$ cat structure-v1.pdb   # PDB, C-alpha atoms (C1' of nucleotides)
ATOM      1  CA  MET A  25     -49.489  23.900 -19.838
ATOM      2  CA  LYS A  26     -46.005  23.054 -18.563
ATOM      3  CA  ARG A  27     -44.905  19.506 -19.141
ATOM      4  CA  LEU A  28     -42.471  17.472 -17.129
ATOM      5  CA  THR A  29     -39.943  16.219 -19.620
ATOM      6  CA  ARG A  30     -36.877  14.155 -18.957
ATOM      7  CA  HIS A  31     -34.731  16.973 -20.313
ATOM      8  CA  ARG A  32     -36.091  19.434 -17.834
ATOM      9  CA  LYS A  33     -35.588  17.042 -14.952
ATOM     10  CA  VAL A  34     -32.002  16.244 -15.894
ATOM     11  CA  ILE A  35     -31.023  19.899 -16.277
ATOM     12  CA  LYS A  36     -32.482  20.791 -12.931
ATOM     13  CA  GLU A  37     -30.802  17.857 -11.241
ATOM     14  CA  ILE A  38     -27.424  18.835 -12.612
ATOM     15  CA  ILE A  39     -27.668  22.265 -11.057
ATOM     16  CA  TYR A  40     -29.089  21.101  -7.739
ATOM     17  CA  LYS A  41     -26.703  18.203  -7.347
ATOM     18  CA  TYR A  42     -23.339  19.705  -8.247
ATOM     19  CA  ARG A  43     -23.895  23.260  -7.035
ATOM     20  CA  ASP A  44     -20.763  24.396  -8.843
ATOM     21  CA  HIS A  45     -22.169  27.309 -10.850
ATOM     22  CA  PRO A  46     -21.960  25.778 -14.298
ATOM     23  CA  THR A  47     -22.355  27.655 -17.562
ATOM     24  CA  ALA A  48     -24.993  26.587 -20.084
ATOM     25  CA  GLU A  49     -22.283  24.796 -22.028
ATOM     26  CA  GLU A  50     -21.150  22.850 -18.977
ATOM     27  CA  ILE A  51     -24.709  21.888 -18.153
ATOM     28  CA  TYR A  52     -25.151  20.761 -21.722
ATOM     29  CA  LEU A  53     -22.058  18.555 -21.617
ATOM     30  CA  ARG A  54     -23.218  16.912 -18.410
ATOM     31  CA  ALA A  55     -26.753  16.484 -19.654
ATOM     32  CA  ARG A  56     -25.442  14.746 -22.745
ATOM     33  CA  MET A  57     -24.133  11.938 -20.579
ATOM     34  CA  GLU A  58     -27.731  11.234 -19.574
ATOM     35  CA  ILE A  59     -29.435  12.161 -22.826
ATOM     36  CA  PRO A  60     -26.930  11.992 -25.687
ATOM     37  CA  SER A  61     -29.354  13.531 -28.153
ATOM     38  CA  ILE A  62     -30.008  16.669 -26.108
ATOM     39  CA  ASN A  63     -29.437  19.962 -27.863
ATOM     40  CA  LEU A  64     -27.744  23.116 -26.572
ATOM     41  CA  SER A  65     -30.740  25.252 -27.391
ATOM     42  CA  THR A  66     -32.943  22.985 -25.340
ATOM     43  CA  VAL A  67     -30.640  23.597 -22.427
ATOM     44  CA  TYR A  68     -30.792  27.355 -22.961
ATOM     45  CA  ARG A  69     -34.538  27.348 -23.328
ATOM     46  CA  ASN A  70     -35.064  25.382 -20.159
ATOM     47  CA  LEU A  71     -32.621  27.474 -18.181
ATOM     48  CA  LYS A  72     -34.340  30.684 -19.264
ATOM     49  CA  GLU A  73     -37.651  29.226 -18.262
ATOM     50  CA  MET A  74     -36.443  28.112 -14.835
ATOM     51  CA  VAL A  75     -34.940  31.541 -14.241
ATOM     52  CA  ALA A  76     -38.228  33.166 -15.218
ATOM     53  CA  SER A  77     -40.185  30.882 -12.918
ATOM     54  CA  GLY A  78     -37.836  31.634 -10.049
ATOM     55  CA  ASP A  79     -36.329  28.159  -9.679
ATOM     56  CA  LEU A  80     -32.839  29.292 -10.639
ATOM     57  CA  ILE A  81     -30.781  32.416 -10.710
ATOM     58  CA  GLU A  82     -28.584  33.418 -13.572
ATOM     59  CA  PHE A  83     -25.505  35.512 -12.839
ATOM     60  CA  GLN A  84     -22.290  36.609 -14.402
ATOM     61  CA  VAL A  85     -18.754  36.888 -13.150
ATOM     62  CA  ASP A  86     -17.673  40.353 -14.183
ATOM     63  CA  GLY A  87     -15.362  39.935 -17.146
ATOM     64  CA  GLU A  88     -16.553  36.492 -18.192
ATOM     65  CA  ASN A  89     -19.416  37.505 -20.404
ATOM     66  CA  LYS A  90     -21.462  34.368 -20.059
ATOM     67  CA  TYR A  91     -24.111  33.141 -17.724
ATOM     68  CA  ARG A  92     -23.699  30.801 -14.817
ATOM     69  CA  TYR A  93     -26.564  29.126 -13.013
ATOM     70  CA  ASP A  94     -27.329  28.390  -9.414
ATOM     71  CA  ILE A  95     -30.258  27.525  -7.226
ATOM     72  CA  ALA A  96     -32.468  30.416  -6.155
ATOM     73  CA  GLU A  97     -31.719  30.499  -2.487
ATOM     74  CA  GLU A  98     -30.244  33.452  -0.662
ATOM     75  CA  HIS A  99     -26.485  33.215  -0.612
ATOM     76  CA  TYR A 100     -23.504  35.067  -1.998
ATOM     77  CA  HIS A 101     -20.467  34.199  -4.065
ATOM     78  CA  PHE A 102     -16.738  34.373  -3.798
ATOM     79  CA  TYR A 103     -14.768  34.293  -7.025
ATOM     80  CA  CYS A 104     -11.135  33.263  -6.817
ATOM     81  CA  GLU A 105      -9.057  35.270  -9.247
ATOM     82  CA  VAL A 106      -6.353  32.612  -9.200
ATOM     83  CA  CYS A 107      -8.173  29.330  -9.809
ATOM     84  CA  GLY A 108     -11.455  30.759 -11.092
ATOM     85  CA  LYS A 109     -13.507  28.694  -8.708
ATOM     86  CA  ILE A 110     -16.722  30.191  -7.376
ATOM     87  CA  TYR A 111     -17.527  29.469  -3.764
ATOM     88  CA  ASP A 112     -20.914  29.769  -2.128
ATOM     89  CA  ILE A 113     -21.027  32.088   0.845
ATOM     90  CA  PRO A 114     -24.070  31.386   3.018
ATOM     91  CA  ALA A 115     -26.040  34.500   3.917
ATOM     92  CA  SER A 116     -25.389  33.684   7.569
ATOM     93  CA  LYS A 117     -21.685  34.419   7.081
ATOM     94  CA  VAL A 118     -22.343  37.952   5.906
ATOM     95  CA  LYS A 119     -23.726  40.874   7.846
ATOM     96  CA  LEU A 120     -25.117  43.588   5.656
ATOM     97  CA  SER A 121     -27.073  46.747   6.305
ATOM     98  CA  PHE A 122     -27.651  49.774   4.158
ATOM     99  CA  ASP A 123     -29.146  53.176   4.328
ATOM    100  CA  PHE A 124     -30.758  54.502   1.173
ATOM    101  CA  GLU A 125     -34.211  55.128  -0.198
ATOM    102  CA  HIS A 126     -34.673  52.526  -2.888
ATOM    103  CA  HIS A 127     -36.684  49.415  -2.248
ATOM    104  CA  VAL A 128     -34.357  46.420  -2.328
ATOM    105  CA  LYS A 129     -35.822  43.094  -3.395
ATOM    106  CA  ASP A 130     -32.610  41.185  -3.996
ATOM    107  CA  THR A 131     -28.952  41.643  -3.124
ATOM    108  CA  ARG A 132     -26.176  40.091  -5.143
ATOM    109  CA  ILE A 133     -22.698  40.073  -3.750
ATOM    110  CA  MET A 134     -19.626  38.842  -5.542
ATOM    111  CA  PHE A 135     -16.511  38.831  -3.426
ATOM    112  CA  ARG A 136     -13.341  38.613  -5.456
ATOM    113  CA  GLY A 137      -9.916  37.695  -4.234
ATOM    114  CA  ILE A 138      -7.769  34.673  -3.481
ATOM    115  CA  CYS A 139      -9.370  31.593  -2.018
ATOM    116  CA  SER A 140      -7.815  29.895   0.982
ATOM    117  CA  GLU A 141      -6.704  26.922  -1.093
ATOM    118  CA  CYS A 142      -4.827  29.061  -3.571
ATOM    119  CA  ALA A 143      -3.372  31.136  -0.763
ATOM    120  CA  ALA A 144      -2.052  27.994   0.934
ATOM    121  CA  GLN A 145      -0.655  26.769  -2.353
ATOM    122  CA  MET A 146       1.159  30.051  -2.921
ATOM    123  CA  GLU A 147       2.754  29.886   0.517
ATOM    124  CA  VAL A 148       4.097  26.439  -0.177
ATOM    125  CA  GLU A 149       5.557  27.650  -3.426
ATOM    126  CA  ASP A 150       7.174  30.634  -1.740
ATOM    127  CA  GLU A 151       8.847  28.408   0.838
ATOM    128  CA  SER A 152      10.269  26.052  -1.739
ATOM    129  CA  LEU A 153      12.238  28.808  -3.488
TER     130      LEU A 153
ATOM    131  CA  MET B  27       5.085  52.724 -24.430
ATOM    132  CA  LYS B  28       1.600  54.043 -23.762
ATOM    133  CA  ARG B  29       0.616  57.081 -25.757
ATOM    134  CA  LEU B  30      -1.849  59.755 -24.862
ATOM    135  CA  THR B  31      -4.227  59.882 -27.795
ATOM    136  CA  ARG B  32      -7.246  62.057 -28.204
ATOM    137  CA  HIS B  33      -9.379  58.919 -28.406
ATOM    138  CA  ARG B  34      -8.213  57.679 -25.070
ATOM    139  CA  LYS B  35      -8.773  61.021 -23.447
ATOM    140  CA  VAL B  36     -12.295  61.389 -24.811
ATOM    141  CA  ILE B  37     -13.341  57.888 -23.744
ATOM    142  CA  LYS B  38     -12.042  58.415 -20.248
ATOM    143  CA  GLU B  39     -13.736  61.793 -19.970
ATOM    144  CA  ILE B  40     -17.087  60.353 -21.017
ATOM    145  CA  ILE B  41     -16.977  57.828 -18.202
ATOM    146  CA  TYR B  42     -15.713  60.218 -15.568
ATOM    147  CA  LYS B  43     -18.049  63.032 -16.499
ATOM    148  CA  TYR B  44     -21.408  61.301 -16.891
ATOM    149  CA  ARG B  45     -20.991  58.525 -14.326
ATOM    150  CA  ASP B  46     -24.055  56.768 -15.689
ATOM    151  CA  HIS B  47     -22.602  53.287 -16.273
ATOM    152  CA  PRO B  48     -22.618  53.312 -20.052
ATOM    153  CA  THR B  49     -22.102  50.284 -22.270
ATOM    154  CA  ALA B  50     -19.329  50.247 -24.859
ATOM    155  CA  GLU B  51     -21.880  51.115 -27.498
ATOM    156  CA  GLU B  52     -23.120  54.132 -25.550
ATOM    157  CA  ILE B  53     -19.590  55.335 -24.992
ATOM    158  CA  TYR B  54     -18.944  54.931 -28.679
ATOM    159  CA  LEU B  55     -21.986  57.010 -29.640
ATOM    160  CA  ARG B  56     -20.948  59.802 -27.317
ATOM    161  CA  ALA B  57     -17.342  59.681 -28.418
ATOM    162  CA  ARG B  58     -18.451  60.031 -32.016
ATOM    163  CA  MET B  59     -19.794  63.482 -31.227
ATOM    164  CA  GLU B  60     -16.241  64.515 -30.411
ATOM    165  CA  ILE B  61     -14.401  62.349 -32.902
ATOM    166  CA  PRO B  62     -16.745  61.362 -35.737
ATOM    167  CA  SER B  63     -14.235  58.953 -37.242
ATOM    168  CA  ILE B  64     -13.775  56.901 -34.073
ATOM    169  CA  ASN B  65     -14.389  53.195 -34.382
ATOM    170  CA  LEU B  66     -16.203  50.819 -32.020
ATOM    171  CA  SER B  67     -13.210  48.524 -31.771
ATOM    172  CA  THR B  68     -11.047  51.419 -30.697
ATOM    173  CA  VAL B  69     -13.493  52.041 -27.900
ATOM    174  CA  TYR B  70     -13.418  48.396 -26.870
ATOM    175  CA  ARG B  71      -9.652  48.247 -27.031
ATOM    176  CA  ASN B  72      -9.240  51.316 -24.891
ATOM    177  CA  LEU B  73     -11.821  50.196 -22.372
ATOM    178  CA  LYS B  74     -10.107  46.831 -21.976
ATOM    179  CA  GLU B  75      -6.836  48.577 -21.478
ATOM    180  CA  MET B  76      -8.180  50.944 -18.847
ATOM    181  CA  VAL B  77      -9.782  48.048 -17.011
ATOM    182  CA  ALA B  78      -6.486  46.167 -17.083
ATOM    183  CA  SER B  79      -4.584  49.186 -15.787
ATOM    184  CA  GLY B  80      -7.103  49.649 -12.996
ATOM    185  CA  ASP B  81      -8.539  52.982 -14.131
ATOM    186  CA  LEU B  82     -11.997  51.574 -14.731
ATOM    187  CA  ILE B  83     -14.116  48.677 -13.646
ATOM    188  CA  GLU B  84     -16.191  46.603 -15.968
ATOM    189  CA  PHE B  85     -19.320  44.961 -14.632
ATOM    190  CA  GLN B  86     -22.484  43.322 -15.820
ATOM    191  CA  VAL B  87     -26.073  43.550 -14.734
ATOM    192  CA  ASP B  88     -27.145  39.941 -14.368
ATOM    193  CA  GLY B  89     -29.296  39.141 -17.358
ATOM    194  CA  GLU B  90     -28.015  41.894 -19.630
ATOM    195  CA  ASN B  91     -25.070  40.110 -21.148
ATOM    196  CA  LYS B  92     -22.998  43.147 -21.940
ATOM    197  CA  TYR B  93     -20.443  45.207 -20.146
ATOM    198  CA  ARG B  94     -20.954  48.506 -18.424
ATOM    199  CA  TYR B  95     -18.146  50.761 -17.298
ATOM    200  CA  ASP B  96     -17.549  52.894 -14.279
ATOM    201  CA  ILE B  97     -14.698  54.560 -12.466
ATOM    202  CA  ALA B  98     -12.620  52.341 -10.216
ATOM    203  CA  GLU B  99     -13.558  53.756  -6.851
ATOM    204  CA  GLU B 100     -15.184  51.797  -4.070
ATOM    205  CA  HIS B 101     -18.923  52.016  -4.316
ATOM    206  CA  TYR B 102     -21.855  49.734  -5.019
ATOM    207  CA  HIS B 103     -24.768  49.676  -7.408
ATOM    208  CA  PHE B 104     -28.531  49.596  -7.266
ATOM    209  CA  TYR B 105     -30.326  48.380 -10.361
ATOM    210  CA  CYS B 106     -33.950  49.386 -10.760
ATOM    211  CA  GLU B 107     -35.930  46.554 -12.294
ATOM    212  CA  VAL B 108     -38.594  48.992 -13.457
ATOM    213  CA  CYS B 109     -36.693  51.771 -15.237
ATOM    214  CA  GLY B 110     -33.385  49.969 -15.676
ATOM    215  CA  LYS B 111     -31.402  52.835 -14.210
ATOM    216  CA  ILE B 112     -28.293  52.003 -12.221
ATOM    217  CA  TYR B 113     -27.664  54.120  -9.159
ATOM    218  CA  ASP B 114     -24.374  54.525  -7.379
ATOM    219  CA  ILE B 115     -24.443  53.581  -3.734
ATOM    220  CA  PRO B 116     -21.506  55.101  -1.868
ATOM    221  CA  ALA B 117     -19.612  52.646   0.300
ATOM    222  CA  SER B 118     -20.447  54.847   3.281
ATOM    223  CA  LYS B 119     -24.136  53.948   2.932
ATOM    224  CA  VAL B 120     -23.456  50.244   3.324
ATOM    225  CA  LYS B 121     -22.183  48.343   6.317
ATOM    226  CA  LEU B 122     -20.726  44.999   5.481
ATOM    227  CA  SER B 123     -18.839  42.392   7.421
ATOM    228  CA  PHE B 124     -18.189  38.768   6.691
ATOM    229  CA  ASP B 125     -16.746  35.738   8.291
ATOM    230  CA  PHE B 126     -14.982  33.279   6.003
ATOM    231  CA  GLU B 127     -11.464  32.211   5.182
ATOM    232  CA  HIS B 128     -10.845  33.513   1.691
ATOM    233  CA  HIS B 129      -8.845  36.653   1.147
ATOM    234  CA  VAL B 130     -11.136  39.335  -0.253
ATOM    235  CA  LYS B 131      -9.587  41.977  -2.492
ATOM    236  CA  ASP B 132     -12.742  43.446  -3.947
ATOM    237  CA  THR B 133     -16.443  43.326  -3.152
ATOM    238  CA  ARG B 134     -19.081  43.904  -5.762
ATOM    239  CA  ILE B 135     -22.650  44.442  -4.665
ATOM    240  CA  MET B 136     -25.605  44.830  -6.956
ATOM    241  CA  PHE B 137     -28.819  45.660  -5.185
ATOM    242  CA  ARG B 138     -31.889  45.023  -7.281
ATOM    243  CA  GLY B 139     -35.369  46.335  -6.701
ATOM    244  CA  ILE B 140     -37.494  49.378  -7.322
ATOM    245  CA  CYS B 141     -35.927  52.807  -7.127
ATOM    246  CA  SER B 142     -37.613  55.554  -5.129
ATOM    247  CA  GLU B 143     -38.571  57.437  -8.284
ATOM    248  CA  CYS B 144     -40.368  54.478  -9.787
ATOM    249  CA  ALA B 145     -41.979  53.685  -6.445
ATOM    250  CA  ALA B 146     -43.345  57.238  -6.212
ATOM    251  CA  GLN B 147     -44.549  57.038  -9.790
ATOM    252  CA  MET B 148     -46.372  53.820  -9.087
ATOM    253  CA  GLU B 149     -48.115  55.328  -6.083
ATOM    254  CA  VAL B 150     -49.379  58.225  -8.175
ATOM    255  CA  GLU B 151     -50.702  55.792 -10.740
ATOM    256  CA  ASP B 152     -52.464  53.759  -8.070
ATOM    257  CA  GLU B 153     -54.215  56.814  -6.692
ATOM    258  CA  SER B 154     -55.467  57.927 -10.072
ATOM    259  CA  LEU B 155     -57.425  54.732 -10.623
TER     260      LEU B 155
ATOM    261  C1'  DT C   2      11.810  57.461 -37.497
ATOM    262  C1'  DT C   3       9.396  53.822 -35.309
ATOM    263  C1'  DA C   4       6.420  51.666 -32.372
ATOM    264  C1'  DA C   5       1.925  52.268 -30.454
ATOM    265  C1'  DT C   6      -2.709  53.077 -31.933
ATOM    266  C1'  DT C   7      -6.438  53.371 -35.202
ATOM    267  C1'  DG C   8     -10.013  51.880 -38.669
ATOM    268  C1'  DC C   9     -11.964  48.354 -41.005
ATOM    269  C1'  DA C  10     -13.676  43.977 -41.733
ATOM    270  C1'  DA C  11     -13.916  39.554 -40.500
ATOM    271  C1'  DA C  12     -14.040  36.259 -36.938
ATOM    272  C1'  DC C  13     -15.707  34.705 -32.419
ATOM    273  C1'  DC C  14     -18.429  33.338 -28.666
ATOM    274  C1'  DC C  15     -22.547  32.960 -26.362
ATOM    275  C1'  DT C  16     -27.400  33.166 -26.742
ATOM    276  C1'  DT C  17     -31.809  33.370 -29.100
ATOM    277  C1'  DT C  18     -35.208  32.180 -32.626
ATOM    278  C1'  DG C  19     -38.034  30.015 -36.528
ATOM    279  C1'  DC C  20     -39.579  26.024 -37.956
ATOM    280  C1'  DT C  21     -40.363  21.101 -38.338
ATOM    281  C1'  DT C  22     -40.680  16.919 -35.769
ATOM    282  C1'  DC C  23     -41.591  14.582 -31.516
ATOM    283  C1'  DA C  24     -43.894  13.302 -27.281
ATOM    284  C1'  DT C  25     -46.593  14.374 -23.148
ATOM    285  C1'  DC C  26     -51.018  15.105 -21.494
TER     286       DC C  26
ATOM    287  C1'  DG D  15     -55.039  14.352 -31.339
ATOM    288  C1'  DA D  16     -53.761  18.878 -29.436
ATOM    289  C1'  DT D  17     -50.197  21.467 -28.000
ATOM    290  C1'  DG D  18     -46.026  22.210 -25.432
ATOM    291  C1'  DA D  19     -41.199  20.821 -25.919
ATOM    292  C1'  DA D  20     -37.098  19.232 -28.558
ATOM    293  C1'  DG D  21     -33.803  19.295 -32.407
ATOM    294  C1'  DC D  22     -31.619  21.666 -35.909
ATOM    295  C1'  DA D  23     -29.797  25.340 -38.252
ATOM    296  C1'  DA D  24     -29.498  29.924 -38.938
ATOM    297  C1'  DA D  25     -29.465  34.520 -37.126
ATOM    298  C1'  DG D  26     -28.301  37.945 -33.575
ATOM    299  C1'  DG D  27     -25.771  40.763 -30.299
ATOM    300  C1'  DG D  28     -21.770  41.938 -28.108
ATOM    301  C1'  DT D  29     -16.816  41.553 -28.177
ATOM    302  C1'  DT D  30     -12.268  40.467 -30.067
ATOM    303  C1'  DT D  31      -8.641  40.232 -33.580
ATOM    304  C1'  DG D  32      -5.480  40.553 -37.854
ATOM    305  C1'  DC D  33      -3.665  43.704 -40.701
ATOM    306  C1'  DA D  34      -2.599  47.819 -43.255
ATOM    307  C1'  DA D  35      -2.606  52.772 -42.576
ATOM    308  C1'  DT D  36      -1.924  56.443 -39.319
ATOM    309  C1'  DT D  37       0.110  59.222 -35.711
ATOM    310  C1'  DA D  38       2.253  60.477 -31.239
ATOM    311  C1'  DA D  39       6.660  60.465 -29.205
TER     312       DA D  39
END
$ encode --input "structure-v1.pdb" --output "structure tokens"
Amino acid sequence: MKRLTRHRKVIKEIIYKYRDHPTAEEIYLRARMEIPSINLSTVYRNLKEMVASGDLIEFQVDGENKYRYDIAEEHYHFYCEVCGKIYDIPASKVKLSFDFEHHVKDTRIMFRGICSECAAQMEVEDESL
Amino acid sequence: MKRLTRHRKVIKEIIYKYRDHPTAEEIYLRARMEIPSINLSTVYRNLKEMVASGDLIEFQVDGENKYRYDIAEEHYHFYCEVCGKIYDIPASKVKLSFDFEHHVKDTRIMFRGICSECAAQMEVEDESL
DNA sequence: TTAATTGCAAACCCTTTGCTTCATC
DNA sequence: GATGAAGCAAAGGGTTTGCAATTAA
């Protein structure tokens, strides 16, 4: 039977509270502030379990080769190629329809480009030349 | 200066000809049939280079933790959770619009679900019970 | 000739696993 | 006290890198 441990609670809270798509390593570092003795493999094990139970999703930014975690709630992502930040894009901001035979259960979208902050920053830099 | 080696040519041909989203390992195994002495790291090095030059794209199926390669031409993917096959979805089959501030340069979509072949297979199995 | 590319082996990074110890139920 | 979970350390898988040997230009 599944037990409610402090570790599990802390890991889940980190992901639900920050919502900044942390890697396992980042979750581990944050968790250590709460539970200094926590181990990386405990973090991995719990994440895998929460993904399996449908509490979290695990995704990758193409080219990064490591997992990032987020809550399991329909939304999409925007990855800024300049600052590396990943923004949440609510499903309501995206209109999507498709026409093919396969049965779709889940749609993952990763927009890539330049976020508005970086774009603004680049304009300022251009002007100051 | 970039040189046109047999290795490079063979690797590129494998991706363009089969179009089945191979991993580096799979590309390596196929390339070995043409060039038995070819090395895995040569494959990786060339793939990285072709991704950097924009000839190929490198993407990951969430949960797989390894790269797959495909030609750099706008289209999307459907991943079958039953057979693991990855189908190409032409951009023309998908209508997409979005409403947010960031500047999008590239959109990656991975549909996940059950492909029509597996769905048909499952129906047959149901009937035979 | 000479600089880019290869092969090889070792290193790397991220993730998973086996096993003992710990702690929740 | 059972048994699921944690800690630790080692292994695993995929990818990258340093360097000497090779080869296209």
$ atom_distance --input "structure-v1.pdb" --atom1 "atom CA of A:Ser77" --atom2 "atom CA of A:Asp44"
20.9 Å
$ interface_residues --input "structure-v1.pdb" --of "chain A" --to "chain D" --cutoff "10 Å" --atoms "all atoms listed in the file" --output "list in words"
Met25, Lys26, Arg27, Leu28, Thr29, His31, Arg32, Ser61, Ile62, Asn63, Leu64, Ser65, Thr66, Val67, Arg69, Asn70 and Asn89 of chain A
$ interface_residues --input "structure-v1.pdb" --of "chain C" --to "chain A" --cutoff "10 Å" --atoms "all atoms listed in the file" --output "CSV table (one decimal) with C-alpha atoms (C1' of nucleotides), in the frame of the given file"
chain,number,residue,atom,x,y,z
C,14,DC,C1',-18.4,33.3,-28.7
C,15,DC,C1',-22.5,33.0,-26.4
C,16,DT,C1',-27.4,33.2,-26.7
C,17,DT,C1',-31.8,33.4,-29.1
C,18,DT,C1',-35.2,32.2,-32.6
C,24,DA,C1',-43.9,13.3,-27.3
C,25,DT,C1',-46.6,14.4,-23.1
C,26,DC,C1',-51.0,15.1,-21.5
$ closest_atom_pairs --input "structure-v1.pdb" --of "chain A" --to "chain B" --cutoff "12 Å" --atoms "only C-alpha atoms" --output "CSV"
residue,atom,partner,partner_atom,distance
A:Lys72,CA,B:Gly89,CA,10.0
A:Val75,CA,B:Gly89,CA,10.0
A:Ala76,CA,B:Gly89,CA,11.0
A:Ile81,CA,B:Asp88,CA,9.1
A:Glu82,CA,B:Asp88,CA,6.7
A:Phe83,CA,B:Asp88,CA,5.0
A:Gln84,CA,B:Asp88,CA,5.9
A:Val85,CA,B:Gln86,CA,7.9
A:Asp86,CA,B:Phe85,CA,4.9
A:Gly87,CA,B:Glu84,CA,6.8
A:Glu88,CA,B:Gln86,CA,9.4
A:Asn89,CA,B:Asn91,CA,6.3
A:Lys90,CA,B:Asn91,CA,6.9
A:Tyr91,CA,B:Asn91,CA,7.8
A:Arg92,CA,B:Asp88,CA,9.8
A:Tyr93,CA,B:Asp88,CA,10.9
A:Tyr100,CA,B:Ile135,CA,9.8
A:His101,CA,B:Arg134,CA,9.9
A:Phe102,CA,B:His128,CA,8.1
A:Tyr103,CA,B:Val130,CA,9.2
A:Cys104,CA,B:His128,CA,8.5
A:Glu105,CA,B:Lys131,CA,9.5
A:Val106,CA,B:His129,CA,11.4
A:Lys109,CA,B:His128,CA,11.8
A:Ile110,CA,B:His128,CA,11.3
A:Tyr111,CA,B:His128,CA,9.5
A:Asp112,CA,B:Phe126,CA,10.7
A:Ile113,CA,B:Phe126,CA,8.0
A:Pro114,CA,B:Phe126,CA,9.8
A:Ala115,CA,B:Phe124,CA,9.4
A:Ser116,CA,B:Phe124,CA,8.9
A:Lys117,CA,B:Asp125,CA,5.3
A:Val118,CA,B:Phe124,CA,4.3
A:Lys119,CA,B:Ser123,CA,5.1
A:Leu120,CA,B:Leu122,CA,4.6
A:Ser121,CA,B:Lys121,CA,5.1
A:Phe122,CA,B:Val120,CA,4.3
A:Asp123,CA,B:Lys119,CA,5.3
A:Phe124,CA,B:Lys119,CA,6.9
A:Glu125,CA,B:Ser142,CA,6.0
A:His126,CA,B:Cys141,CA,4.4
A:His127,CA,B:Ile140,CA,5.1
A:Val128,CA,B:Gly139,CA,4.5
A:Lys129,CA,B:Gly139,CA,4.7
A:Asp130,CA,B:Arg138,CA,5.1
A:Thr131,CA,B:Phe137,CA,4.5
A:Arg132,CA,B:Met136,CA,5.1
A:Ile133,CA,B:Ile135,CA,4.5
A:Met134,CA,B:Arg134,CA,5.1
A:Phe135,CA,B:Thr133,CA,4.5
A:Arg136,CA,B:Asp132,CA,5.1
A:Gly137,CA,B:Val130,CA,4.5
A:Ile138,CA,B:His129,CA,5.1
A:Cys139,CA,B:His128,CA,4.4
A:Ser140,CA,B:His128,CA,4.8
A:Glu141,CA,B:His128,CA,8.3
A:Cys142,CA,B:His128,CA,9.2
A:Ala143,CA,B:His129,CA,8.0
A:Ala144,CA,B:His128,CA,10.4
$ atom_distance --input "structure-v1.pdb" --atom1 "atom C1' of C:DA11" --atom2 "atom CA of B:Leu55"
22.1 Å
$ atom_distance --input "structure-v1.pdb" --atom1 "atom CA of B:Gly80" --atom2 "atom CA of B:Thr49"
17.6 Å
$ axis_aligned_box --input "structure-v1.pdb" --around "stretch 10-23 of chain C" --padding-each-side "4 Å" --output "AutoDock Vina command-line options"
--center_x -27.6 --center_y 29.3 --center_z -34.0 --size_x 35.9 --size_y 37.4 --size_z 23.4
